[in-house]
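The file final-v2.cif contains mmCIF, C-alpha atoms:
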```cif
data_my_file
loop_
_atom_site.label_atom_id
_atom_site.label_comp_id
_atom_site.auth_asym_id
_atom_site.auth_seq_id
_atom_site.Cartn_x
_atom_site.Cartn_y
_atom_site.Cartn_z
CA MET T 1 39.60 -151.40 241.35
CA ALA T 2 42.85 -153.22 241.89
CA VAL T 3 46.10 -151.29 241.34
CA GLN T 4 48.00 -152.61 238.34
CA PHE T 5 51.73 -151.95 238.20
CA ALA T 6 53.73 -151.48 235.04
CA PRO T 7 55.00 -154.78 233.63
CA HIS T 8 58.51 -153.38 233.19
CA TRP T 9 60.78 -153.63 236.21
CA PRO T 10 64.50 -152.71 236.00
CA THR T 11 66.63 -155.79 236.50
CA THR T 12 70.34 -156.26 237.10
CA ALA T 13 72.24 -158.93 235.25
CA SER T 14 74.05 -161.42 237.43
CA ASP T 15 77.81 -161.10 237.90
CA ASP T 16 78.24 -164.78 237.19
CA GLY T 17 80.91 -165.21 234.58
CA VAL T 18 82.17 -161.62 234.77
CA VAL T 19 85.43 -162.55 236.51
CA GLY T 20 86.20 -165.28 233.99
CA ALA T 21 85.39 -163.01 231.07
CA ALA T 22 87.56 -160.26 232.55
CA ARG T 23 90.49 -162.63 233.00
CA SER T 24 90.24 -163.71 229.37
CA ALA T 25 89.89 -160.15 228.08
CA LEU T 26 92.62 -158.53 230.18
CA GLY T 27 95.19 -161.32 230.20
CA GLN T 28 98.55 -160.38 231.77
CA ALA T 29 97.36 -156.85 232.53
CA LEU T 30 95.15 -158.19 235.34
CA LEU T 31 96.99 -158.34 238.66
CA ASP T 32 94.24 -159.18 241.17
CA VAL T 33 90.50 -159.82 241.41
CA LYS T 34 88.31 -159.33 244.48
CA GLU T 35 84.60 -160.00 244.80
CA HIS T 36 83.06 -158.71 248.02
CA VAL T 37 79.46 -157.82 249.01
CA GLY T 38 78.33 -158.16 245.42
CA GLU T 39 81.03 -155.85 244.00
CA ILE T 40 83.89 -156.85 241.69
CA THR T 41 87.22 -155.01 241.88
CA LEU T 42 89.95 -155.53 239.31
CA THR T 43 93.54 -154.40 239.88
CA VAL T 44 95.44 -153.90 236.65
CA GLN T 45 98.89 -152.72 235.63
CA ARG T 46 99.28 -148.97 235.45
CA GLU T 47 100.77 -149.01 231.94
CA SER T 48 97.88 -151.17 230.65
CA ILE T 49 94.98 -149.23 232.12
CA ILE T 50 93.74 -147.88 228.75
CA ASP T 51 93.77 -151.29 227.09
CA ALA T 52 92.02 -152.79 230.14
CA LEU T 53 89.29 -150.13 230.14
CA ARG T 54 88.79 -150.51 226.39
CA ALA T 55 88.45 -154.28 226.76
CA LEU T 56 85.88 -153.91 229.53
CA ARG T 57 83.92 -151.49 227.35
CA ASP T 58 84.01 -153.33 224.02
CA THR T 59 84.10 -157.04 224.93
CA PRO T 60 80.71 -158.75 224.38
CA GLY T 61 79.32 -160.00 227.69
CA LEU T 62 81.15 -157.31 229.69
CA GLU T 63 79.94 -154.11 227.98
CA TYR T 64 80.81 -151.52 230.62
CA GLN T 65 80.10 -148.59 228.35
CA GLN T 66 80.08 -145.65 230.77
CA LEU T 67 82.73 -144.14 233.04
CA MET T 68 80.92 -142.91 236.14
CA GLU T 69 83.73 -141.72 238.42
CA ILE T 70 87.47 -141.60 238.98
CA SER T 71 88.42 -141.40 242.65
CA GLY T 72 91.72 -141.35 244.47
CA VAL T 73 92.85 -142.83 247.78
CA ASP T 74 96.05 -141.95 249.64
CA TYR T 75 98.04 -144.55 251.57
CA PRO T 76 101.25 -142.71 252.64
CA GLU T 77 102.80 -145.86 254.12
CA ARG T 78 102.86 -147.66 250.74
CA PRO T 79 105.69 -147.28 248.21
CA GLU T 80 103.05 -146.41 245.62
CA ARG T 81 100.90 -144.31 247.88
CA PHE T 82 98.04 -143.47 245.50
CA GLU T 83 95.24 -145.78 244.46
CA LEU T 84 93.21 -144.63 241.46
CA ASP T 85 89.74 -146.17 241.13
CA TYR T 86 87.70 -146.21 237.91
CA HIS T 87 83.98 -146.92 238.38
CA LEU T 88 82.30 -148.31 235.27
CA LEU T 89 78.62 -148.88 234.51
CA SER T 90 77.09 -151.29 232.01
CA LEU T 91 73.99 -149.71 230.51
CA THR T 92 72.90 -152.93 228.80
CA LYS T 93 73.46 -155.19 231.80
CA ASN T 94 72.70 -152.64 234.56
CA ARG T 95 75.70 -153.62 236.67
CA ARG T 96 78.94 -152.00 237.82
CA ILE T 97 82.61 -152.85 238.18
CA ARG T 98 85.62 -151.15 239.78
CA VAL T 99 89.09 -151.00 238.22
CA LYS T 100 92.08 -149.68 240.16
CA VAL T 101 95.74 -148.94 239.55
CA MET T 102 98.59 -147.87 241.84
CA THR T 103 101.00 -144.96 241.38
CA ASP T 104 103.14 -142.46 243.26
CA GLU T 105 103.85 -138.73 243.19
CA ALA T 106 106.22 -138.86 240.22
CA THR T 107 104.84 -141.63 237.99
CA PRO T 108 102.00 -140.55 235.67
CA VAL T 109 98.98 -142.64 234.68
CA PRO T 110 97.79 -142.83 231.05
CA SER T 111 94.78 -140.57 230.55
CA ALA T 112 91.38 -142.15 229.88
CA THR T 113 90.25 -139.14 227.83
CA VAL T 114 90.98 -141.17 224.68
CA LEU T 115 88.05 -143.44 225.67
CA TRP T 116 85.67 -141.11 227.56
CA PRO T 117 85.80 -137.30 227.26
CA VAL T 118 84.26 -137.06 230.74
CA ALA T 119 87.60 -138.28 232.13
CA ASN T 120 88.98 -134.80 231.45
CA TRP T 121 87.40 -133.18 234.52
CA LEU T 122 87.60 -136.34 236.64
CA GLU T 123 91.36 -136.60 236.14
CA ARG T 124 91.75 -132.88 236.81
CA GLU T 125 90.03 -133.41 240.17
CA ALA T 126 92.42 -136.26 241.01
CA PHE T 127 95.36 -134.04 240.07
CA ASP T 128 94.03 -131.09 242.08
CA MET T 129 93.22 -133.10 245.22
CA TYR T 130 96.08 -135.63 245.25
CA GLY T 131 98.69 -134.43 242.76
CA ILE T 132 98.29 -137.56 240.61
CA LEU T 133 99.81 -136.98 237.16
CA PHE T 134 98.35 -138.14 233.83
CA THR T 135 100.02 -138.54 230.46
CA GLY T 136 98.09 -137.60 227.33
CA HIS T 137 95.69 -135.30 229.17
CA PRO T 138 94.74 -132.28 227.01
CA ASP T 139 94.49 -129.75 229.86
CA LEU T 140 95.90 -131.01 233.17
CA ARG T 141 95.45 -128.12 235.62
CA ARG T 142 93.63 -127.46 238.88
CA ILE T 143 89.83 -127.40 238.83
CA LEU T 144 88.59 -127.01 242.43
CA THR T 145 91.22 -125.02 244.34
CA ASP T 146 92.20 -121.40 243.74
CA TYR T 147 94.98 -120.11 241.50
CA GLY T 148 98.39 -120.53 243.11
CA PHE T 149 97.10 -123.01 245.72
CA ASP T 150 99.93 -124.67 247.65
CA GLY T 151 99.71 -128.43 248.20
CA TYR T 152 97.08 -131.12 247.61
CA PRO T 153 94.18 -131.08 250.12
CA GLN T 154 93.22 -134.78 250.06
CA ARG T 155 96.68 -136.11 250.88
CA LYS T 156 96.95 -137.52 254.38
CA ASP T 157 100.02 -135.38 255.14
CA PHE T 158 98.31 -132.11 254.16
CA PRO T 159 97.66 -129.96 257.30
CA LEU T 160 94.00 -129.59 258.21
CA THR T 161 94.45 -125.85 258.61
CA GLY T 162 96.09 -125.43 255.21
CA HIS T 163 99.06 -123.16 254.60
CA VAL T 164 97.35 -119.81 254.01
CA GLU T 165 94.07 -118.20 254.96
CA LEU T 166 91.92 -115.88 252.91
CA ARG T 167 90.28 -112.76 254.31
CA TYR T 168 89.06 -109.33 253.26
CA SER T 169 91.47 -106.54 254.13
CA GLU T 170 89.69 -103.35 255.12
CA SER T 171 92.87 -101.32 254.71
CA GLU T 172 93.65 -102.63 251.20
CA LYS T 173 89.98 -102.96 250.20
CA ARG T 174 90.54 -106.39 248.64
CA VAL T 175 90.79 -110.09 249.45
CA VAL T 176 94.28 -111.06 250.64
CA TYR T 177 96.13 -114.29 251.46
CA GLU T 178 98.06 -114.55 254.70
CA PRO T 179 99.81 -117.33 256.65
CA VAL T 180 97.42 -119.26 258.87
CA GLU T 181 97.16 -117.92 262.43
CA LEU T 182 95.14 -119.76 265.06
CA PRO T 183 95.10 -117.66 268.25
CA GLN T 184 94.34 -119.65 271.40
CA ASP T 185 94.03 -116.73 273.82
CA PHE T 186 90.30 -117.07 274.36
CA ARG T 187 90.02 -120.86 274.31
CA THR T 188 89.89 -123.10 277.36
CA PHE T 189 90.22 -126.87 277.41
CA ASP T 190 89.83 -129.32 280.28
CA PHE T 191 91.43 -132.22 278.29
CA LEU T 192 88.97 -134.76 279.74
CA MET T 193 87.44 -137.53 277.71
CA PRO T 194 83.77 -136.92 276.82
CA TRP T 195 82.55 -140.06 278.59
CA GLN T 196 84.42 -139.18 281.81
CA GLY T 197 82.91 -135.73 282.09
CA PRO T 198 84.37 -132.61 283.71
CA GLU T 199 84.93 -132.24 287.42
CA TYR T 200 82.74 -129.16 287.65
CA VAL T 201 78.92 -129.39 287.66
CA LEU T 202 77.24 -128.21 284.50
CA PRO T 203 74.07 -126.11 284.78
CA GLY T 204 71.11 -128.43 285.10
CA ASP T 205 73.07 -131.40 286.43
CA GLU T 206 71.89 -130.64 289.95
CA LYS T 207 68.45 -131.91 288.92
CA ALA T 208 69.77 -135.34 287.96
CA LYS T 209 68.62 -138.24 290.10
CA ALA T 210 71.08 -140.52 291.81
CA GLU T 211 71.48 -143.93 290.22
CA GLN T 212 69.54 -146.72 291.85
CA PRO T 213 71.44 -149.66 293.37
CA GLY T 214 72.46 -152.22 290.78
CA GLY T 215 72.32 -149.78 287.89
CA PRO T 216 74.53 -150.31 284.82
CA THR T 217 77.67 -148.50 285.90
CA PRO T 218 81.37 -149.45 285.95
CA THR T 219 81.57 -148.49 289.63
CA ALA T 220 80.04 -150.44 292.47
CA ALA T 221 76.47 -149.50 293.33
CA PRO T 222 75.97 -147.92 296.77
CA SER T 223 74.87 -150.36 299.42
CA GLY T 224 72.55 -148.00 301.27
CA PRO T 225 69.29 -146.46 300.07
CA ALA T 226 69.48 -143.98 297.24
CA PRO T 227 69.67 -140.37 298.48
CA ALA T 228 66.47 -138.45 298.11
CA ASN T 229 66.75 -135.49 295.79
CA ALA T 230 65.14 -132.21 296.61
CA LYS T 231 61.96 -131.51 294.73
CA THR T 232 62.62 -129.12 291.89
CA LEU T 233 60.39 -126.74 290.03
CA ALA T 234 60.25 -129.11 287.10
CA GLU T 235 58.51 -131.73 289.26
CA THR T 236 55.98 -129.43 290.99
CA PRO T 237 52.48 -129.30 289.53
CA LYS T 238 51.46 -126.37 287.40
CA THR T 239 49.81 -123.49 289.21
CA THR T 240 46.87 -123.40 286.78
CA GLU T 241 45.42 -126.91 286.88
CA LYS T 242 41.75 -125.78 286.67
CA PRO T 243 39.87 -122.74 285.31
CA SER T 244 39.28 -121.33 288.81
CA ASP T 245 43.08 -120.88 289.17
CA THR T 246 43.18 -118.54 286.19
CA GLY T 247 40.05 -116.50 286.92
CA ALA T 248 38.26 -118.08 283.98
CA GLY T 249 34.86 -119.72 283.98
CA LYS T 250 31.24 -118.52 283.80
CA PRO T 251 31.73 -115.30 285.84
CA ALA T 252 34.59 -114.24 283.62
CA ASP T 253 32.67 -115.15 280.45
CA THR T 254 29.66 -113.11 281.62
CA GLN T 255 31.81 -110.09 282.38
CA ALA T 256 33.60 -110.38 279.03
CA THR T 257 30.28 -110.51 277.18
CA LYS T 258 29.08 -107.43 279.02
CA GLU T 259 32.22 -105.51 278.16
CA ALA T 260 31.98 -106.53 274.52
CA ARG T 261 28.44 -105.19 274.21
CA LYS T 262 29.30 -101.71 275.47
CA PRO T 263 29.04 -98.86 272.99
CA ARG T 264 32.23 -97.77 271.27
CA ALA T 265 32.30 -94.41 273.01
CA GLN T 266 32.01 -96.05 276.42
CA LYS T 267 34.80 -98.47 275.55
CA ALA T 268 37.01 -95.55 274.54
CA GLU T 269 36.42 -93.82 277.87
CA SER T 270 37.58 -96.90 279.78
CA GLU T 271 40.70 -97.33 277.60
CA VAL T 272 43.63 -96.60 279.89
CA SER T 273 46.29 -96.64 277.18
CA LYS T 274 44.89 -93.52 275.54
CA LYS T 275 45.13 -90.06 276.91
CA PRO T 276 41.75 -88.45 277.51
CA ARG T 277 40.88 -85.82 274.97
CA SER T 278 39.73 -82.39 275.96
CA PRO T 279 36.17 -81.61 274.83
CA ARG T 280 35.97 -79.84 271.50
CA LYS T 281 34.77 -76.27 271.48
CA PRO T 282 31.82 -75.56 269.22
CA LYS T 283 32.52 -73.59 266.08
CA GLY T 284 32.25 -69.81 266.54
CA ALA T 285 32.94 -69.98 270.28
CA ALA T 286 35.46 -67.49 271.66
#
```
Written form, structure tokens:
Amino acid sequence: MAVQFAPHWPTTASDDGVVGAARSALGQALLDVKEHVGEITLTVQRESIIDALRALRDTPGLEYQQLMEISGVDYPERPERFELDYHLLSLTKNRRIRVKVMTDEATPVPSATVLWPVANWLEREAFDMYGILFTGHPDLRRILTDYGFDGYPQRKDFPLTGHVELRYSESEKRVVYEPVELPQDFRTFDFLMPWQGPEYVLPGDEKAKAEQPGGPTPTAAPSGPAPANAKTLAETPKTTEKPSDTGAGKPADTQATKEARKPRAQKAESEVSKKPRSPRKPKGAA
């Protein structure tokens, strides 16, 4: 019987006409449009982000009804170092679009919670990780880091080690914060690039074969014959290549069968791991 697949197959509407419709809907709020590898990115004015998102949601033909994600990017060399990306999904067209705005540490962005309640937590993440501020947010506070956390972890100028470390204090019987300490007393570094390799020989390298003449190497291949390496244990044949090397075979099978058929008492007498028992005295004996 032939396999019959379901007639319904999810399809994605083409992006043809999306850029033109977005230009008409956003007007002067649209600063730039990029279409790359099948993805459309719109850059809009920071002050007009709410009107732009509402137009993308409610305009017929665009219909990006759902806010999927708000992500931040940090470019410290730019005057407005933060890029805020809104990822929208059209449930009716099954296609996506990206909208981004630029801001800095001091200039807030209008909150999208007036359009999508899910923006509450997404904007709190952007504030917690980057320090991006939002106006009109009902509860703008940290969501991922601990209370009293110093700094914003996703900024490029934030130290990888952080400012404080958390540990359990045995003397105080509680978790404490302390300045970060990275002792280097027991660390050794050779400061050589991985592809150059260290000058010392690592265990196991002595088994490596010399490169044949003309091999792919940046250095010139040796002109003479390749040096012969000593035969190592890894290249010697196994010591048990046939049953006679292990003591197995018909004689061993015959002996094993004979031992297996012995009575239990006789097997116990030949057991070397057990101490021999002294014979029991009959009851009533002195």
CA of Val73 in chain T to CA of Arg46 in chain T, distance in Å rounded to a single decimal
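Interatomic distance here is 15.2 Å.
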Could you tell me which residues the PyMOL selection byres ((chain T and resi 97) around 12) returns for this structure, as a PDB file with C-alpha atoms, in the frame of the given file?
```
ATOM      1  CA  ASP T  15      77.810-161.100 237.900  1.00  0.00           C
ATOM      2  CA  VAL T  18      82.170-161.620 234.770  1.00  0.00           C
ATOM      3  CA  VAL T  19      85.430-162.550 236.510  1.00  0.00           C
ATOM      4  CA  ALA T  22      87.560-160.260 232.550  1.00  0.00           C
ATOM      5  CA  VAL T  33      90.500-159.820 241.410  1.00  0.00           C
ATOM      6  CA  LYS T  34      88.310-159.330 244.480  1.00  0.00           C
ATOM      7  CA  GLU T  35      84.600-160.000 244.800  1.00  0.00           C
ATOM      8  CA  HIS T  36      83.060-158.710 248.020  1.00  0.00           C
ATOM      9  CA  GLY T  38      78.330-158.160 245.420  1.00  0.00           C
ATOM     10  CA  GLU T  39      81.030-155.850 244.000  1.00  0.00           C
ATOM     11  CA  ILE T  40      83.890-156.850 241.690  1.00  0.00           C
ATOM     12  CA  THR T  41      87.220-155.010 241.880  1.00  0.00           C
ATOM     13  CA  LEU T  42      89.950-155.530 239.310  1.00  0.00           C
ATOM     14  CA  THR T  43      93.540-154.400 239.880  1.00  0.00           C
ATOM     15  CA  LEU T  53      89.290-150.130 230.140  1.00  0.00           C
ATOM     16  CA  LEU T  56      85.880-153.910 229.530  1.00  0.00           C
ATOM     17  CA  ARG T  57      83.920-151.490 227.350  1.00  0.00           C
ATOM     18  CA  LEU T  62      81.150-157.310 229.690  1.00  0.00           C
ATOM     19  CA  GLU T  63      79.940-154.110 227.980  1.00  0.00           C
ATOM     20  CA  TYR T  64      80.810-151.520 230.620  1.00  0.00           C
ATOM     21  CA  GLN T  65      80.100-148.590 228.350  1.00  0.00           C
ATOM     22  CA  GLN T  66      80.080-145.650 230.770  1.00  0.00           C
ATOM     23  CA  LEU T  67      82.730-144.140 233.040  1.00  0.00           C
ATOM     24  CA  MET T  68      80.920-142.910 236.140  1.00  0.00           C
ATOM     25  CA  GLU T  69      83.730-141.720 238.420  1.00  0.00           C
ATOM     26  CA  ASP T  85      89.740-146.170 241.130  1.00  0.00           C
ATOM     27  CA  TYR T  86      87.700-146.210 237.910  1.00  0.00           C
ATOM     28  CA  HIS T  87      83.980-146.920 238.380  1.00  0.00           C
ATOM     29  CA  LEU T  88      82.300-148.310 235.270  1.00  0.00           C
ATOM     30  CA  LEU T  89      78.620-148.880 234.510  1.00  0.00           C
ATOM     31  CA  SER T  90      77.090-151.290 232.010  1.00  0.00           C
ATOM     32  CA  LEU T  91      73.990-149.710 230.510  1.00  0.00           C
ATOM     33  CA  LYS T  93      73.460-155.190 231.800  1.00  0.00           C
ATOM     34  CA  ASN T  94      72.700-152.640 234.560  1.00  0.00           C
ATOM     35  CA  ARG T  95      75.700-153.620 236.670  1.00  0.00           C
ATOM     36  CA  ARG T  96      78.940-152.000 237.820  1.00  0.00           C
ATOM     37  CA  ARG T  98      85.620-151.150 239.780  1.00  0.00           C
ATOM     38  CA  VAL T  99      89.090-151.000 238.220  1.00  0.00           C
ATOM     39  CA  LYS T 100      92.080-149.680 240.160  1.00  0.00           C
TER      40      LYS T 100
END
```
**Report entry** Evaluate the PyMOL selection byres ((chain T and resi 156-159) around 12) and report residues as a ChimeraX atom specification
**Finding:** /T:72-77,81-82,129-131,150-155,160-164,180
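Here CA of Leu31 in chain T is placed at a distance of 9.5 Å from CA of Val101 in chain T.
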Using all atoms listed in the file: which of T:Glu105, T:Glu259, T:Asp32, T:Glu83 has the shortest distance to Leu133 in chain T: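 Nearest candidate to Leu133 in chain T out of T:Glu105, T:Glu259, T:Asp32, T:Glu83: T:Glu105.
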Go ahead and compute the interatomic distance for CA of Thr59 in chain T and CA of Val109 in chain T, in Å to one decimal.
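Answer for the CA of Thr59 in chain T to CA of Val109 in chain T separation: 22.9 Å.
Restricting the calculation to all atoms listed in the file, the smallest distance between Met102 in chain T and any of T:Asp253, T:Glu123, T:Glu80, T:Asp51 is found for T:Glu80.
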Problem set entry | Nearest residue to Gly148 in chain T from the set T:Arg167, T:Ala21, T:Asn120, T:Asp128 (distances using only C-alpha atoms) |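 Distance minimum relative to Gly148 in chain T lands on T:Asp128.
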Legend entry - Who sits within 10 Å of Pro110 in chain T, all atoms listed in the file, same chain under 2 positions skipped, as a list in words: Arg46, Glu47, Ser48, Ile49, Ile50, Thr107, Pro108, Ala112, Thr113, Val114, Leu133, Phe134, Thr135, Gly136 and His137 of chain T
